[in-house]
Structures are given as C-alpha cells and as structure tokens.
Amino acid sequence: MANVYDTLMERGYIKQVTHEEEVRDLLGKEKVTFYIGFDPTADSLHVGHFLQMMVMAHMQRAGHRPIALLGGGTAMVGDPSGKTDMRKMLTKEQIQHNAECFKNQFSVLVDFDDDKAIMANNADWLLNLNYVDFLREVGVHFSVNRMLTAECFKQRLEKGLSFLEFNYMLMQGYDFLELNRRYGCTLQLGGDDQWSNIIAGADLIRRKESKPAYGMTFALLTNSEGKKMGKTENGALWLNKEKTSPYEFYQYWRNVADSDVEKCLALLTFLPMDEVKRLGALQGAEINEAKKVLAYEVTKIVHGKEEAEKAKTAAEALFAGGASMENVPTVEITEDELGCTIIDLIVNTKILPSKSEARRLIQQGGLTINDEKVTDTNLVITKASFNDKSMLIRRGKKNYNRIVIK
C-alpha cells in the first residue's frame with residue numbers, strides 16, 4: 001500500500017511538517033494515532049472542516065487511528081487564529097449541543113466502530129484544571145517572547161488581544177500532551193493557521209515526556225485568487241442540509257471557477273489522481289462536465305447518493321429543461337403572506353439574509369421571477385405573480401429557489 005504521506009502530498013493537502021522525513025517514515029511503518037481539533041462554535045461543520053475530515057478519512061484508510069477532538073473546553077476561551085475580533089462566548093449547554101451535532105457529521109467519513117477512531121472532548125480535562133497547577137506544569141515551558149512572534153497573535157496585537165485568548169496556545173498544547181498520555185497520540189494535524197499552536201504542543205510533549213511528537217498542517221481551502229472558499233450569499237457552506245440544502249451545496253461546486261476544478265477534485269473527492277488530472281485538463285465548455293462530476297461526488301460524500309441524484313436532477317431540470325423541478329429548494333407560503341414587496345418576500349422566506357442584499361441584487365439586474373427580470377425594488381407580490389401557485393426565483397445566472405402557495 002502506498003504511504004499515505006505521499007497520497008496527501010500528491011493530492012495537495014500538505015502545507016507544513018515539523019519533521020518531514022521522520023513523519024513520512026513513521027506513517028509508512030507504524031499505525032499512528034493522530035488528532036485534529038474542532039471547536040464546536042456552531043451547530044454544524046462547514047466545508048472548511050470537510051477538508052479536514054477528508055484528511056482523517058485518507059489517514060484512517062491507510063491504517064492510522066484518528067482522534068476527532070471536540071473543543072468543549074477551548075471553545076469557552078476562543079481561538080484567536082485568523083480572527084480580527086474576539087469570538088462570542090458560548091454557554092456550556094450550547095457547546096455540548098454543537099458537539100453532539102458534529103458527531104453525526106464526522107461519521108459520514110470516519111469509522112468509529114471497534115476503537116478505529118476516537119471522539120474526545122477537551123472539556124473532560126480542561127474544565128477541572130487547577131489554574132496554579134496548570135501554570136506550574138505547562139506555563140513554565142512557554143516563552144512569552146516566542147509566543148508574541150506567532151502569526152495568530154501578531155495580527156491581533158494592534159487591535160487588542162485579551163489575556164483570555166492569550167491562554168489558547170497553552171490550552172491547545174496541553175490537549176496534545178493529554179492525548180499523548182491517554183491514547184499515545186504522536187501527531188497533530190490542522191489547518192495552516194494552526195501552525196504555531198501545533199508546534200507549541202509538539203514541543204511541550206518533547207519537554208514533558210522526553211518523547212517525539214510531530215505536527216503537520218494542510219492548506220486552507222482557497223480559490224485561485226487566494227480567498228477562502230465556502231462562502232455563499234447566505235454565509236458559510238454548511239454540511240447540515242437544514243442550513244445549506246443539498247441542491248445549494250451541489251450548485252456551489254457546480255459553479256466554481258474553471259481554475260479551481262482540479263484542486264477541488266483532488267482535495268474533496270476520492271477520485272483517482274489520473275482521473276482528477278484528466279478532468280482538470282478539460283478546456284472550454286468541456287470543463288462543465290468536470291464541474292458536474294465535482295458537484296456530484298462532493299454532494300454524494302456529504303449527503304449520500306440519493307440526495308446527490310436529486311440535486312443533479314434538479315440542476316438538469318433548470319439548465320436543460322424537461323426534468324422534474326421538485327428538488328429545487330422550495331419554500332411554502334400562505335395567501336395571507338402575499339401583498340408584501342419582493343424584497344420582503346425573499347428576506348421573509350430566507351432566500352437572502354438581508355433587505356440590503358436583496359435591494360442590491362435587484363439594482364444590479366440579478367433577480368428574475370418566472371424568467372422576467374425584476375427592476376422595481378418596491379414590486380408588490382400578489383397571486384397574479386405566480387404561475388399556478390408556483391414562483392421560480394433566479395439569483396444571478398444559476399441560483400434558483402421556488403416559492404409555492406399552500
């Protein structure tokens with residue numbers, strides 16, 4: 001079997017490694033227990049987490065044991081990495097609810113049966129720590145001068161970094177140490193914005209336990225312009241179908257830029273790399289076939305084959321005509337809700353999150369109702385606006401929603 005390190009490298013996941021030759025050698029010879037941390041700050045994972053789940057799946061398929069670490073403790077502090085403002089503080093109950101939601105989503109890609117993978121929660125050891133003991137055991141090994149050079153802190157110093165958040169690196173380092181002691185975990189993985197935290201944890205294990213520990217980061221999911229992918233008009237691209245419908249999820253990948261197709265196929269599907277390169281090399285109109293494959297494969301992994309088929313059918317209905325449109329995202333309203341403006345309708349039905357966005361879309365000529373462009377932001381919606389109690393709304397060229405009168 002090929003070394004999973006080479007697989008991850010070929011598919012474009014790996015960004016930085018603490019000890020490249022040692023890590024590659026280790027992954028080729030031994031069953032390694034590794035972990036990735038997820039702070040449960042929402043009730044669903046999003047597409048940025050999905051990339052990390054794919055790494056876990058590749059590692060597990062190669063015989064290694066994943067630990068999905070839920071940050072029930074660290075979420076009460078907040079990770080400053082990549083953030084310009086301090087995160088909203090969550091209650092223990094909110095964090096626990098979010099953690100339970102994550103468990104179901106992990107299981108789509110990771111097998112937790114028979115100890116093949118572990119679900120842990122750092123609340124189990126962080127929330128009961130004695131602060132003075134923690135400072136004596138862990139804090140003594142951290143240099144403030146060195147911490148201040150870390151990218152996750154540097155970008156926050158000008159705007160203001162709370163002492164609460166300054167503790168985050170110590171807590172994450174302690175997580176790695178605790179997982180090493182409990183489960184023999186020797187490798188931490190994470191997005192590249194976690195590099196400083198990962199190094200701190202590996203160094204803490206070497207100091208405290210006199211044992212080797214390693215870190216590896218993978219590239220963040222960005223487009224060809226370097227911007228984070230997974231942002232939609234309505235916010236993040238969620239894995240929970242109640243927050244982002246399978247059709248919307250499918251359409252997101254169907255509409256990625258031509259230059260991002262090969263990268264997304266490599267990172268977000270299990271297609272063989274020969275096929276990924278073949279599809280990524282298609283030119284002109286043919287690249288649309290590659291986008292269809294990408295959209296179908298990613299949707300199938302996240303939502304299952306049946307939902308992927310439905311999303312594909314719905315897309316074909318809108319672009320090719322003739323197929324059933326029942327899988328297009330649909331909202332039901334009552335006749336009592338008519339008589340409002342088009343802006344109120346699309347915000348009330350949550351097609352768009354705000355009136356300002358709806359107004360801007362109309363002013364830019366990007367909204368149509370039943371194939372007729374909307375030009376009046378004060379257009380009043382009546383029963384006559386519907387075709388047989390159904391209204392098809394298109395945003396831009398390819399985003400569709402249907403509103404039906406009950």
# chains A, B, ... in the order shown; residues from 1 in each chain; ligands from 1
>>> residues_around(residues="Glu20 of chain A", least_positions_apart="6", cutoff="12 Å", atoms="only C-alpha atoms", output="PyMOL selection string")
chain A and resi 5-6+9+14+26-27+214-217
>>> residues_around(residues="Ile36 of chain A", least_positions_apart="3", cutoff="12 Å", atoms="only C-alpha atoms", output="PyMOL selection string")
chain A and resi 33+39+49-57+59+65-71+106+117-122+172+175-176+179+185-191+194+198+215-218
>>> closest_residue(among="A:Ala317, A:Ala285, A:Leu268, A:Leu90", to="Leu8 of chain A", atoms="only C-alpha atoms")
A:Leu268
>>> closest_residue(among="A:Ile342, A:Ala200, A:Leu282, A:Ala314", to="Met147 of chain A", atoms="only C-alpha atoms")
A:Ala200
>>> residues_around(residues="Val138 of chain A", least_positions_apart="2", cutoff="8 Å", atoms="only C-alpha atoms", output="ChimeraX atom specification")
/A:134-136,140-142,170,174,204
>>> residues_around(residues="segment 223-235 of chain A", least_positions_apart="5", cutoff="7 Å", atoms="only C-alpha atoms", output="JSON, numbers by chain")
{"A": [47, 259, 260, 352, 353]}
